[in-house]
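Encoded as structure tokens, the structure appears first; notes follow it.
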There are 2 protein chains.
Amino acid sequence: MIMQTLVVVAHPERVQSGTQEFLQASAAPFKTVQWHELEAPFEKEAEQRQLLTADRLILQFPLYWYSAPAMLYQWLDDVWTEKFAVRAGNLNGKQLGIVVTTGVADQAYHAGEREGFTLDEILRPFQALAHKTGMTYLPLFPITQFGYQTDAQKQRLLVAYQRYLTEPYPRHFADTEKWFAEQLAQLAADHPDYQLLLDQFTKNADELEQLNDTLQMMRQNEEND
Amino acid sequence: MIMQTLVVVAHPERVQSGTQEFLQASAAPFKTVQWHELEAPFEKEAEQRQLLTADRLILQFPLYWYSAPAMLYQWLDDVWTEKFAVRAGNLNGKQLGIVVTTGVADQAYHAGEREGFTLDEILRPFQALAHKTGMTYLPLFPITQFGYQTDAQKQRLLVAYQRYLTEPYPRHFADTEKWFAEQLAQLAADHPDYQLLLDQFTKNADELEQLNDTLQMMRQNEEND
């Protein structure tokens, strides 16, 4: 069964957000990714039904005063009833990812630095939410200072974001390889020019696999030493 | 100058909340405590002016999904502009206290227990807020399972809450003693019956002070040993 991902976007100024625009375009090629922008008031049953369809839930928002915008909490309070989210076990076994955007540089989120706390600490309430509802909490996906990123950085961000939405978790090297092969195969289907790149990638992947086998053998020999 | 305290209450079902009713009654005798229940929409300038009058700001709310109710974030987003709260330094040097109510027992807020995280961790975003705005972050004041508390527990809660709103920080034993003496003096002024208790308290306080002096002397002798 193919993993379904639901991206829930909470951004009071969504229309003006270039970051969200970029992320939406990055997610668009994936049929398994559903894009959902929050807008109050919330229809509880419809929102709950949508949650049920997802294997991976992404909460995506700008960091306002070390929390999400108010609309996300309104949505949680209205839709995530204790009965739905805890007692009925509806979210149990799903995955929870957080895509958080901020205008502050990464390095500021440390003890002794300007923001004083890590993003892991600041977003702990969402980890507690995952814990309570039986969801697997994914590593955070922070996007800092998008506006200052170069085109090359944005390209890397695009791929990293696509993987965050669609790649299996926990990540194993083989999965990542498979993920890239699938993306290339998709591209090659639409644009024959990519076929050469895909052939090369597949060849490299085979070689890498052999190298990996050799490495495993060497490790085992060492351990048996 | 006497310390002014502003209690900002964010509770979407304020009217039905027996806990908030109890806390409001507990705060009522203090002229230095201002009680402010949030209600959207917020008048930015009026809210900002009110914040300026406070030396100690208390944010008081029930814990919803490990965060405050949405209205508190709306208030922060609308009223605490970056200019007002950070660049102008308006909150710098003030104190920030959090009164959080929850239906879950204290013991559940630990690693390995049902909630998985401490309240200190869960409320870290408010500590980051204090850090950013130059406020002194007070120890949390959690109220758990108010509904199950006995009358005796509620009486202790009342005094502890009054102290949280009005006692100097950091707490020194002498301040606590002075705080109780003042409360008794106030009571004695209104109800002459309390005069005897006040006399006894003052006498005990004097004896305690002498004992304390003796203790200090003994400690110094030990250190010089």
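By order of appearance in the structure tokens: chains A, B, ..., then residues from 1 within every chain, and ligands from 1 in the order shown.
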Long-range neighbours of Ala54 (chain B) as a short mmCIF file (atom, residue, chain, number, x, y, z; two decimals) with all heavy atoms, in the first residue's frame, 10 Å cut-off, only C-alpha atoms, 4 positions minimum in chain:
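Dumped everything to around.cif:
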data_model
loop_
_atom_site.label_atom_id
_atom_site.label_comp_id
_atom_site.auth_asym_id
_atom_site.auth_seq_id
_atom_site.Cartn_x
_atom_site.Cartn_y
_atom_site.Cartn_z
N MET B 3 4.63 46.48 43.77
CA MET B 3 4.56 45.70 42.53
C MET B 3 3.11 45.54 42.04
O MET B 3 2.22 45.17 42.79
CB MET B 3 5.17 44.32 42.77
CG MET B 3 5.19 43.47 41.52
SD MET B 3 5.95 41.85 41.82
CE MET B 3 4.61 41.05 42.74
N GLN B 4 2.91 45.83 40.74
CA GLN B 4 1.60 45.67 40.12
C GLN B 4 1.57 44.36 39.32
O GLN B 4 2.51 44.08 38.57
CB GLN B 4 1.30 46.83 39.18
CG GLN B 4 1.31 48.20 39.84
CD GLN B 4 0.19 48.37 40.85
OE1 GLN B 4 -0.93 47.92 40.63
NE2 GLN B 4 0.49 49.00 41.99
N THR B 5 0.50 43.62 39.48
CA THR B 5 0.37 42.33 38.79
C THR B 5 -0.83 42.35 37.85
O THR B 5 -1.91 42.83 38.23
CB THR B 5 0.21 41.19 39.81
OG1 THR B 5 1.38 41.15 40.63
CG2 THR B 5 0.05 39.84 39.11
N LEU B 6 -0.62 41.85 36.65
CA LEU B 6 -1.72 41.73 35.69
C LEU B 6 -1.95 40.25 35.38
O LEU B 6 -1.02 39.57 34.93
CB LEU B 6 -1.36 42.48 34.39
CG LEU B 6 -2.32 42.32 33.21
CD1 LEU B 6 -3.70 42.88 33.55
CD2 LEU B 6 -1.75 42.99 31.96
N VAL B 7 -3.16 39.79 35.66
CA VAL B 7 -3.50 38.40 35.36
C VAL B 7 -4.30 38.37 34.06
O VAL B 7 -5.41 38.91 34.00
CB VAL B 7 -4.34 37.76 36.50
CG1 VAL B 7 -4.64 36.29 36.17
CG2 VAL B 7 -3.62 37.87 37.83
N THR B 32 -3.43 45.53 44.19
CA THR B 32 -2.32 45.58 43.24
C THR B 32 -2.45 44.56 42.10
O THR B 32 -1.59 44.49 41.23
CB THR B 32 -0.99 45.29 43.95
OG1 THR B 32 -1.10 44.01 44.60
CG2 THR B 32 -0.69 46.36 44.99
N VAL B 33 -3.53 43.78 42.15
CA VAL B 33 -3.73 42.76 41.12
C VAL B 33 -4.87 43.14 40.19
O VAL B 33 -6.00 43.39 40.64
CB VAL B 33 -4.02 41.37 41.74
CG1 VAL B 33 -4.33 40.34 40.65
CG2 VAL B 33 -2.84 40.92 42.59
N GLN B 34 -4.56 43.20 38.90
CA GLN B 34 -5.58 43.51 37.90
C GLN B 34 -5.97 42.22 37.20
O GLN B 34 -5.10 41.42 36.82
CB GLN B 34 -4.96 44.48 36.89
CG GLN B 34 -5.92 45.56 36.43
CD GLN B 34 -5.23 46.43 35.39
OE1 GLN B 34 -4.02 46.61 35.42
NE2 GLN B 34 -6.01 46.95 34.46
N ARG B 49 -1.20 49.19 26.38
CA ARG B 49 -1.13 50.12 27.52
C ARG B 49 -1.26 49.37 28.83
O ARG B 49 -0.56 49.65 29.80
CB ARG B 49 -2.24 51.18 27.40
CG ARG B 49 -1.84 52.41 26.60
CD ARG B 49 -2.79 53.57 26.84
NE ARG B 49 -4.18 53.24 26.56
CZ ARG B 49 -4.73 53.28 25.32
NH1 ARG B 49 -3.99 53.62 24.29
NH2 ARG B 49 -5.99 52.96 25.15
N GLN B 50 -2.19 48.40 28.85
CA GLN B 50 -2.40 47.64 30.07
C GLN B 50 -1.15 46.84 30.45
O GLN B 50 -0.78 46.76 31.63
CB GLN B 50 -3.60 46.70 29.90
CG GLN B 50 -4.15 46.19 31.22
CD GLN B 50 -5.38 45.33 31.03
OE1 GLN B 50 -5.53 44.66 30.01
NE2 GLN B 50 -6.25 45.33 32.02
N ILE B 58 0.92 37.61 34.51
CA ILE B 58 0.55 36.21 34.68
C ILE B 58 -0.30 35.80 33.49
O ILE B 58 -1.34 36.42 33.23
CB ILE B 58 -0.27 36.01 35.97
CG1 ILE B 58 0.48 36.55 37.21
CG2 ILE B 58 -0.67 34.54 36.14
CD1 ILE B 58 1.69 35.75 37.63
N LEU B 91 8.84 45.33 27.59
CA LEU B 91 8.57 44.29 28.59
C LEU B 91 9.83 43.91 29.37
O LEU B 91 9.77 43.14 30.34
CB LEU B 91 7.98 43.07 27.89
CG LEU B 91 6.74 43.37 27.05
CD1 LEU B 91 6.29 42.14 26.28
CD2 LEU B 91 5.60 43.86 27.96
N LYS B 94 10.35 43.06 33.27
CA LYS B 94 9.12 42.59 33.92
C LYS B 94 9.23 41.09 34.20
O LYS B 94 10.15 40.43 33.74
CB LYS B 94 7.91 42.87 33.02
CG LYS B 94 7.67 44.36 32.74
CD LYS B 94 6.43 44.56 31.89
CE LYS B 94 6.23 46.00 31.47
NZ LYS B 94 5.95 46.93 32.58
N GLN B 95 8.26 40.57 34.95
CA GLN B 95 8.26 39.14 35.26
C GLN B 95 7.11 38.44 34.54
O GLN B 95 6.04 39.02 34.38
CB GLN B 95 8.11 38.94 36.78
CG GLN B 95 9.21 39.59 37.58
CD GLN B 95 8.99 39.47 39.08
OE1 GLN B 95 7.91 39.08 39.54
NE2 GLN B 95 10.02 39.80 39.84
#
message = Can you tell me which residues surround region 152-168 of chain B at a distance of at most 10 Å, considering only C-alpha atoms, apart from same-chain residues fewer than 4 positions away, and format the answer as a PyMOL selection string?
response = chain B and resi 2-7+22-23+25-30+32-33+56-58+97-99+138-143+146-148+172+175-176+178-180
message = Contacts from chain B to chain A, 7 Å maximum, only C-alpha atoms: show me the residue list as a PyMOL selection string.
response = chain B and resi 65-67+69-71+73-74+115-117+121-122+124-125+128-129+132
6 Å contact set for region 36-42 of chain B, only C-alpha atoms, chain neighbours under 4 positions out, as number ranges by chain = B: 7-10
ask   = What gap, in Å, lies between CA of Ala185 (chain A) and CA of Glu21 (chain A)?
value =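 Between CA of Ala185 (chain A) and CA of Glu21 (chain A) the gap is 25.7 Å.
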key: DSSP-assigned alpha helix (DSSP H) members of region 2-206 of chain A, reported as number ranges by chain   = A: 18-27, 44-53, 70-79, 82, 119-122, 124-133, 151-166, 173-190, 195-206
inquiry  = Please extract the residues of region 23-180 of chain B with a backbone DSSP assignment of strand (DSSP E) and present them as an NGL selection string.
reply    = :B and (33-37 or 56-62 or 95-102 or 136-137 or 141-144)
Among the residues B:Ala85, B:Ala105, B:Ala188, B:Ala181, the one that comes closest to Gly134 (chain B) [using only C-alpha atoms] = B:Ala85
